[in-house]
Structures are given as structure tokens and as C-alpha cells.
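Okay, structure first, notes after.
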Amino acid sequence: ANRKWLKPGATVIIDGDSLTETNLRKAGFTTDDPIAELGLDGHNLVVPGITTMTREALKELELDNKSVVKCKNMFALGICFYLFHRPEDHAKKYLDSKFARKNPLIAEANKRAIDAGYNFAANTHQFANTYAVPAAPLEKGTYRSINGNVATAWGLMAAAEKAGLPLFCGSYPITPATVILEELAKHKELGVKTVQAEDEIAGICTAIGAAFAGNFAVTTTSGPGLSLKSEALGLAVMAELPLVVVDVQRGGPSTGLPTKTEQSDLMQALYGRNGECPVVVLAASTPGDCFRFAFEAGKIAMEHMTPVLLLSDGFIANGSEPWRIPAMKDYPAITPPIVDEAPEGGFMPYVRNENLARGWAFPGKTGLEHRVGGLEKDCVKGCISHDPSNHQKMVRTRAEKVAKAIDDIPAQAVWGAPEGDLLVVGWGGTRGHLQNAVDQMRAEGKRVSLCHFNYINPLPHGVREIFSKFRKIVVCELNEGQFANYLRQSLQEFRYEQYNKCEGLPFTVAELCQKFESLLK
């Protein structure tokens, strides 16, 4: 199953005890020589009897055979500790903490298996290479491992703290977004309120109600759930209430590939509502990045009084990375246009500030009574209006309000030289693979750079200038060309090549480099 991922010269370790006729047939081999059938010439192949050696290492312990055989994974881990020059202490401490109270014999067995694997690797001459991975040149600070869903939850809580408002999340569980709701539910002490609603529609509607009542409101979902939320999202646009909708994308359509990654919800995020219904669309690129853009989504939503759609995906939502815990003093204040008292002459709910954001008046305050709902509003008073010219004005105002968010986002940047032969364009969770491929091409002397997008609607300042300085542009995404078509619509003067993949898997650096080479030729 994993043969295709091997790089030339890779070390392959196979438990020789597993190469039985029954196991070979279950694995789909058609001959009695699996090594030849795999075509492992040119690889460093090691076939120790791992199960047998594990049994030998643990023979003095009073364990049943099933428990002994389970320890063979720790034997293999011991081999890896040797190959990568890593200490065994961390793993042993973990085993002690996990099993010491309930079953210290299991902890001891696993620790002995680690030692046995390490000693086998150190004393055999079958391993051609060992590796040392140096410490990463990271900024000083306190780090923890974090995945994208947890980082998203923390970013939302940080935005609520900076706005001085309680956080409300109304959601329905759906793979791969459920962990965000679960993580938020752990933090009632931070003023977080969570509701596991009966369905996706109820999830977003409770969030809209919470936004009207003065909460920083969010709802979380994946592609199928976003479809169900589309009508209520239009209500939030019409009512001009701040709301963050997090869409952790997965393979589709319909139920599709729930546990696999894809970037195929972009068109739905941009246009999947009736009427002229624009929202701000952001996309995170790494697990740690999810914190930053969840915070940014909350800031834009509350300061511009508009729904914001934040796109993540299964790859970065479940993926982990070392993440430096930030100091909240380094994050800007969030200042929603909250109205506490009626101005002289009375409260007009659709009078706007410099961001074109209307005032946010919480219910229960004398003189601030006003109507909200899905029917069109008078452009100042907020009462229901069917006047044609008023509707035209409100449609354009809502669009201009979203467009004005461009002034609060950074200008687009380029990874690599500002001009060259090929500009690689990507968005969201593909950044790591694209950047590694571009770095590899540049190390070979190729004039290749990367322009990666986190702000989708509106597009940042500077994009047109960047695109104009490259001979070719290729848009790489895990769909059939949604961002490429969006760029064709938004920046029509450029020609866009495409590289697309819909396998439920992320890109590989090898396939990207092959595509870039072909374009350069």
C-alpha cells in the first residue's frame, strides 16, 4: 500500500515473521516472493524477525502471548530511535505515566522492547544510514504541539477575549470539524458557551441569535453542513450581524470522503447562497496558522459587522506542528461598533461608520429597539422596505462593506524572487508542499516563486503587480480548478495554467516538481 511513497535509497524494515503464506495472500501478493514483487532493488531492505526477538526479550516477564506480540511496535520504535539518534527517555516516561498505576508490567514490557529494538539496530550492520535531525531555527518561546482544530478553537477564544465579549458556538458534530466544538466545550471558565444542536441549520441559527444578543458567535462544520447553513448565512448577511463560519473541508460531494482532505468548497464559500450575498472568505495554511486566521476572522466579523467564512481542511485540521504559545498583549484589540446609548435624534440602526458597518445594539436597552430579519431594510431606519432604489443601494452597500475589508488585511507577498519564469499560486492548506517544491526548484537554479493566498475575498492589494512580473502562472489546488476560475473572473488579463488533484490526499513534492519542470520547458 505504501510502496509508491518510497524515495530512492529509502530504508525499508519488514517483520520477517509476518511473511507467512496466509498474510501474503491477505495483502494481495500473487507470488511467494513479496520482496521481488515489491521491486525493492535500490533500497536498503532489512528483514529481521521482530516478533521472535520481541518474544525473546520479554520471555522472563509473566505476560500472555497476545500482550507480548503487541510490544513488537515498541521494538520497531527502538530501531527508529537508533536510526535517528533520538533518546529513549521520553518514550519510557510516557509509558510509565500511561501504565504505571493500572498495569506496571505492561509499561516494563514495552520499555524492554524499546531497548531490545535499539540494541538490535546498534549491533547489526544491516542499516546503511543513520540520521541526525538538528533543532529547528525557531523563535524563542514556549512551544506545544497543536493541531489545526484545537488552534482554531483557541484563536476564536482569543478573539472573544480581545473583543471583551462572551463566545458562543452553536454547531452540529461532523467530520473533520467536530474537535473544534469539543475543544470549546472544555473552556466554560473563559466564558465560552457551546450548544450541540440537533442539526446544522439549528447550529447556525442559534449562533445568529447569539450574535444579535451580543455574543461573538461562531458555528463550525464541513462541506455538507455548509450546504445546509447557506440559507441562514444569507439571513446573517441581510441582518448584518457578525458571525464566523468555520468550514473544515473534506472530499465530496455528498458524504464523499469524510476522513480525506480536499479544497473543493471554495465556490460554495464564495457564491453558495441565493441573491447578492457576499461574505469575507479566509483560508488557513498550517495547523498553527489556524489560530491566527480564526482570530482574524473574528476581528473582521465584529469590526465590519459581517459574516466571515474561514476555510480549513482535513489535512491541517488533524495535522500537528510545534506552535509557539503567543502573548495576548501582542494581538490587537478588537473594537466592534457597539452602541450603548441612543444618540440625539434617536437610534438609526443602519447608519454606518467608516467601514460601512452598522451599529451593534444589544437587545434590552431603552431607545435601541430595532428590527432584524431576512426582509430588506430601509438604508437608515431599518424598517422593512420594498423600495427598488433602496434595495439597489443596500445590495451595493453590503458588497462595498465586504470589499472594504481589503484595507484591514496585509498586502499579498511572494515567497522567493519578485519576478521570474514561473509563479506557483496556491491557497489554504497546500502551502507546505508548494513551498518545499518551490525551494527545491530554486536550489536547482530555476526562476520559480510562490504566491500563496490566505485572503480570498476580498483579494489583497498587490496581486496584479505580482502576477505581471512572471512569464507563466500555475494555480495548484486540491479540486478541479475553483481558485483558478475565480482568478480568471477577478484578474482577466492573465493566463492561468492549472495543476489539480482530487484523490483525497495532499500534493507530494515530487509530483509538483515534475509539473513545474514541464511548464518551464
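In the C-alpha cells, chains take letters A, B, ... by order of appearance, with residues numbered from 1 within each chain and ligands from 1 in the order shown.
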Q.
I need the residues of stretch 260-484 of chain A that end up classed as strand (DSSP E or B) by DSSP on the backbone, written out as a VMD selection string.
A. chain A and resid 280 to 283 307 to 313 320 to 324 338 to 339 352 358 360 to 361 377 384 415 420 to 427 448 to 453 455 to 457 470 to 477
Kindly save the residues from that selection, with N, CA and C atoms included, as a compact mmCIF listing (two decimals), in the first residue's frame.
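Saved file again04.txt follows:
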# COMPACT_ATOMS: atom_id res chain seq x y z
N VAL A 280 -16.92 37.73 3.63
CA VAL A 280 -15.46 37.67 3.65
C VAL A 280 -15.05 36.20 3.73
N VAL A 281 -14.06 35.80 2.93
CA VAL A 281 -13.59 34.41 2.91
C VAL A 281 -12.09 34.39 3.19
N LEU A 282 -11.68 33.66 4.23
CA LEU A 282 -10.28 33.47 4.60
C LEU A 282 -9.95 31.98 4.54
N ALA A 283 -8.65 31.66 4.45
CA ALA A 283 -8.22 30.26 4.45
C ALA A 283 -6.91 30.13 5.20
N PRO A 307 -20.74 38.44 8.24
CA PRO A 307 -20.28 37.06 8.39
C PRO A 307 -18.92 36.87 7.70
N VAL A 308 -18.09 36.01 8.29
CA VAL A 308 -16.80 35.64 7.71
C VAL A 308 -16.73 34.13 7.65
N LEU A 309 -16.33 33.63 6.49
CA LEU A 309 -16.19 32.18 6.30
C LEU A 309 -14.71 31.83 6.34
N LEU A 310 -14.33 30.99 7.29
CA LEU A 310 -12.94 30.55 7.44
C LEU A 310 -12.82 29.12 6.93
N LEU A 311 -11.96 28.93 5.91
CA LEU A 311 -11.76 27.61 5.33
C LEU A 311 -10.51 26.96 5.92
N SER A 312 -10.69 25.79 6.48
CA SER A 312 -9.59 24.91 6.86
C SER A 312 -9.75 23.65 6.01
N ASP A 313 -9.01 22.60 6.29
CA ASP A 313 -9.23 21.33 5.60
C ASP A 313 -8.76 20.18 6.47
N SER A 320 -0.48 18.16 13.01
CA SER A 320 0.08 18.86 14.16
C SER A 320 1.42 19.50 13.80
N GLU A 321 1.78 20.52 14.54
CA GLU A 321 3.09 21.15 14.39
C GLU A 321 3.49 21.80 15.72
N PRO A 322 4.79 22.02 15.93
CA PRO A 322 5.21 22.80 17.10
C PRO A 322 4.71 24.24 16.94
N TRP A 323 4.07 24.74 17.97
CA TRP A 323 3.43 26.06 17.90
C TRP A 323 3.83 26.88 19.12
N ARG A 324 4.35 28.06 18.85
CA ARG A 324 4.75 28.95 19.95
C ARG A 324 3.52 29.61 20.55
N ILE A 338 -20.16 48.81 18.89
CA ILE A 338 -21.26 48.59 19.83
C ILE A 338 -21.90 49.93 20.21
N VAL A 339 -23.21 49.97 20.21
CA VAL A 339 -23.96 51.17 20.58
C VAL A 339 -24.59 50.93 21.94
N ARG A 352 -23.99 54.17 9.23
CA ARG A 352 -22.75 53.41 9.12
C ARG A 352 -21.52 54.23 9.48
N ARG A 358 -22.74 48.90 10.30
CA ARG A 358 -23.83 49.49 11.09
C ARG A 358 -23.55 49.30 12.57
N TRP A 360 -23.96 48.04 16.40
CA TRP A 360 -24.36 46.76 17.02
C TRP A 360 -25.03 47.09 18.34
N ALA A 361 -26.36 47.10 18.35
CA ALA A 361 -27.14 47.43 19.55
C ALA A 361 -27.70 46.14 20.13
N LYS A 377 -34.16 45.99 4.39
CA LYS A 377 -34.33 47.08 5.36
C LYS A 377 -34.16 48.44 4.68
N ILE A 384 -38.76 47.57 7.36
CA ILE A 384 -38.88 46.78 6.13
C ILE A 384 -39.15 47.71 4.95
N TRP A 415 6.89 34.39 -2.04
CA TRP A 415 7.96 33.57 -1.47
C TRP A 415 8.98 33.33 -2.59
N GLY A 420 10.23 36.26 -12.36
CA GLY A 420 10.85 35.03 -12.81
C GLY A 420 10.08 34.37 -13.94
N ASP A 421 10.39 33.09 -14.15
CA ASP A 421 9.78 32.34 -15.25
C ASP A 421 8.46 31.69 -14.87
N LEU A 422 8.32 31.29 -13.62
CA LEU A 422 7.10 30.58 -13.21
C LEU A 422 6.68 31.03 -11.81
N LEU A 423 5.42 31.44 -11.70
CA LEU A 423 4.84 31.78 -10.41
C LEU A 423 3.86 30.69 -10.02
N VAL A 424 4.14 30.01 -8.94
CA VAL A 424 3.23 28.99 -8.40
C VAL A 424 2.22 29.68 -7.49
N VAL A 425 0.95 29.45 -7.74
CA VAL A 425 -0.13 30.07 -6.96
C VAL A 425 -0.89 28.97 -6.23
N GLY A 426 -1.09 29.15 -4.94
CA GLY A 426 -1.89 28.22 -4.15
C GLY A 426 -2.68 28.97 -3.10
N TRP A 427 -3.48 28.24 -2.36
CA TRP A 427 -4.25 28.85 -1.27
C TRP A 427 -4.51 27.80 -0.19
N VAL A 448 11.70 30.22 -10.07
CA VAL A 448 10.34 29.85 -9.64
C VAL A 448 10.06 30.50 -8.29
N SER A 449 8.86 31.06 -8.12
CA SER A 449 8.46 31.67 -6.85
C SER A 449 7.04 31.22 -6.51
N LEU A 450 6.64 31.51 -5.27
CA LEU A 450 5.32 31.09 -4.78
C LEU A 450 4.52 32.31 -4.33
N CYS A 451 3.27 32.35 -4.74
CA CYS A 451 2.31 33.36 -4.26
C CYS A 451 1.15 32.60 -3.64
N HIS A 452 1.13 32.55 -2.30
CA HIS A 452 0.14 31.74 -1.61
C HIS A 452 -0.89 32.63 -0.92
N PHE A 453 -2.18 32.29 -1.07
CA PHE A 453 -3.27 33.15 -0.62
C PHE A 453 -3.93 32.62 0.65
N TYR A 455 -6.15 35.23 2.10
CA TYR A 455 -7.30 36.12 1.98
C TYR A 455 -7.88 35.95 0.59
N ILE A 456 -9.08 35.38 0.52
CA ILE A 456 -9.68 35.00 -0.76
C ILE A 456 -10.66 36.07 -1.24
N ASN A 457 -11.55 36.51 -0.36
CA ASN A 457 -12.49 37.57 -0.71
C ASN A 457 -12.58 38.56 0.46
N PHE A 470 5.81 37.68 -13.97
CA PHE A 470 6.20 36.30 -14.24
C PHE A 470 5.72 35.87 -15.62
N ARG A 471 6.55 35.04 -16.26
CA ARG A 471 6.25 34.60 -17.61
C ARG A 471 5.06 33.63 -17.64
N LYS A 472 4.99 32.74 -16.65
CA LYS A 472 3.89 31.79 -16.56
C LYS A 472 3.35 31.76 -15.14
N ILE A 473 2.06 31.44 -15.03
CA ILE A 473 1.41 31.29 -13.72
C ILE A 473 0.72 29.93 -13.70
N VAL A 474 0.95 29.14 -12.64
CA VAL A 474 0.26 27.86 -12.48
C VAL A 474 -0.45 27.86 -11.13
N VAL A 475 -1.73 27.55 -11.15
CA VAL A 475 -2.54 27.51 -9.94
C VAL A 475 -2.70 26.05 -9.51
N CYS A 476 -2.23 25.73 -8.31
CA CYS A 476 -2.25 24.36 -7.80
C CYS A 476 -3.26 24.26 -6.67
N GLU A 477 -4.22 23.34 -6.78
CA GLU A 477 -5.23 23.21 -5.74
C GLU A 477 -5.83 21.81 -5.75
Q: Using only C-alpha atoms, determine which residues lie at most 8 Å from A:Asn390, disregarding the query and same-chain residues fewer than 5 positions distant; provide the list as a list in words.
A: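 In the requested format, the answer is Asp378, Cys379 and Ser385 of chain A.
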With N, CA and C atoms retained, write the just-selected residues as a short mmCIF file (atom, residue, chain, number, x, y, z; two decimals), in the first residue's frame.
data_model
loop_
_atom_site.label_atom_id
_atom_site.label_comp_id
_atom_site.auth_asym_id
_atom_site.auth_seq_id
_atom_site.Cartn_x
_atom_site.Cartn_y
_atom_site.Cartn_z
N ASP A 378 -34.80 49.43 5.26
CA ASP A 378 -34.52 50.80 4.85
C ASP A 378 -33.07 51.13 5.17
N CYS A 379 -32.40 51.84 4.30
CA CYS A 379 -30.96 52.06 4.40
C CYS A 379 -30.53 52.88 5.62
N SER A 385 -38.44 47.46 3.84
CA SER A 385 -38.59 48.32 2.67
C SER A 385 -38.60 47.47 1.40
#
Q) Got a sec: who's within 6 Å of A:Gly203, counting only C-alpha atoms, leaving out chain neighbours fewer than 2 positions off, as a PyMOL selection string? A) chain A and resi 170-172+197+200-201+205-206
Mind running stretch 6-104 of chain A against stretch 118-138 of chain A at 7 Å and telling me each contacting residue's nearest atom pair with the distance in Å (one decimal), counting only C-alpha atoms, chain and number ascending, as a Markdown table?
| residue | atom | partner | partner_atom | distance |
| --- | --- | --- | --- | --- |
| A:Asn44 | CA | A:Ala128 | CA | 6.8 |
| A:Val46 | CA | A:Gln126 | CA | 6.4 |
| A:Gly78 | CA | A:Tyr118 | CA | 4.3 |
| A:Ile79 | CA | A:Tyr118 | CA | 4.8 |
| A:Phe81 | CA | A:Tyr118 | CA | 6.6 |
| A:Tyr82 | CA | A:Tyr118 | CA | 5.5 |
| A:Leu83 | CA | A:Thr130 | CA | 4.6 |
| A:Phe84 | CA | A:Tyr131 | CA | 4.7 |
| A:His85 | CA | A:Ala132 | CA | 5.9 |
Based on the selection just made, write N, CA, C and O atoms of those residues as a compact mmCIF listing (two decimals), in the first residue's frame.
# COMPACT_ATOMS: atom_id res chain seq x y z
N ASN A 44 17.46 0.07 0.79
CA ASN A 44 18.14 -0.62 1.89
C ASN A 44 17.11 -1.45 2.64
O ASN A 44 16.36 -0.93 3.48
N VAL A 46 15.80 -4.34 5.18
CA VAL A 46 16.16 -5.09 6.39
C VAL A 46 14.94 -5.91 6.81
O VAL A 46 13.85 -5.37 6.98
N GLY A 78 12.20 1.24 18.89
CA GLY A 78 13.59 1.24 19.35
C GLY A 78 14.57 1.29 18.19
O GLY A 78 15.60 1.98 18.26
N ILE A 79 14.27 0.57 17.11
CA ILE A 79 15.10 0.65 15.90
C ILE A 79 15.15 2.09 15.39
O ILE A 79 16.22 2.61 15.05
N PHE A 81 14.64 4.86 17.05
CA PHE A 81 15.42 5.71 17.95
C PHE A 81 16.91 5.64 17.61
O PHE A 81 17.62 6.65 17.63
N TYR A 82 17.37 4.45 17.28
CA TYR A 82 18.78 4.30 16.89
C TYR A 82 19.04 5.00 15.55
O TYR A 82 20.01 5.75 15.41
N LEU A 83 18.18 4.76 14.57
CA LEU A 83 18.40 5.31 13.23
C LEU A 83 18.43 6.83 13.23
O LEU A 83 19.13 7.45 12.42
N PHE A 84 17.66 7.44 14.13
CA PHE A 84 17.55 8.90 14.12
C PHE A 84 18.25 9.55 15.31
O PHE A 84 18.04 10.73 15.58
N HIS A 85 19.07 8.78 16.01
CA HIS A 85 19.84 9.33 17.12
C HIS A 85 18.96 10.06 18.14
O HIS A 85 19.30 11.15 18.61
Q | Residue set, stretch 63-286 of chain A restricted to helix (DSSP H, G or I), as a count of residues only | A | 112
Q: Extract, using only C-alpha atoms, all DNA, RNA and protein residues at most 10 Å from A:Ile35, discarding same-chain residues fewer than 2 positions from it, and format them as a list in words.
A: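 Returned residues: Ile14, Leu19, Thr31, Asp32, Asp33, Glu37, Leu38, Gly39, Leu40, Asp41, Leu45 and Val47 of chain A.
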Q. Excluding same-chain residues fewer than 2 positions from A:Asn149, what lies within 12 Å of it counting only C-alpha atoms, as a PyMOL selection string?
A. chain A and resi 146-147+151-156+175-184+220-221+246-249+284+286-291+293-294+311-321
Q: Go through A:Val395, A:Val279, A:Ala413, A:Val438 and flag the residue nearest A:His461, using only C-alpha atoms for the distances.
A: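 For A:His461, the nearest of the candidates is A:Ala413.
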Q: Quick one: pull the distance between atom CA of A:Lys7 and atom CA of A:Cys513, Å, one decimal.
A: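 For atom CA of A:Lys7 relative to atom CA of A:Cys513, the distance reads 14.3 Å.
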Q | Given only C-alpha atoms as the counted atoms, nearest of A:Asn353, A:Asn274, A:Ser254, A:Thr335 to A:Lys162 | A | A:Thr335
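The gap separating atom CA of A:Gly374 from atom CA of A:Met238 is 5.8 Å, in Å to one decimal.
In this structure, atom CA of A:Glu60 sits 26.5 Å away from atom CA of A:Ile13.
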Q: Would you mind listing what lies within 8 Å of A:Met74 as a count of residues only, with only C-alpha atoms counted and same-chain residues fewer than 6 positions away left out?
A: 5
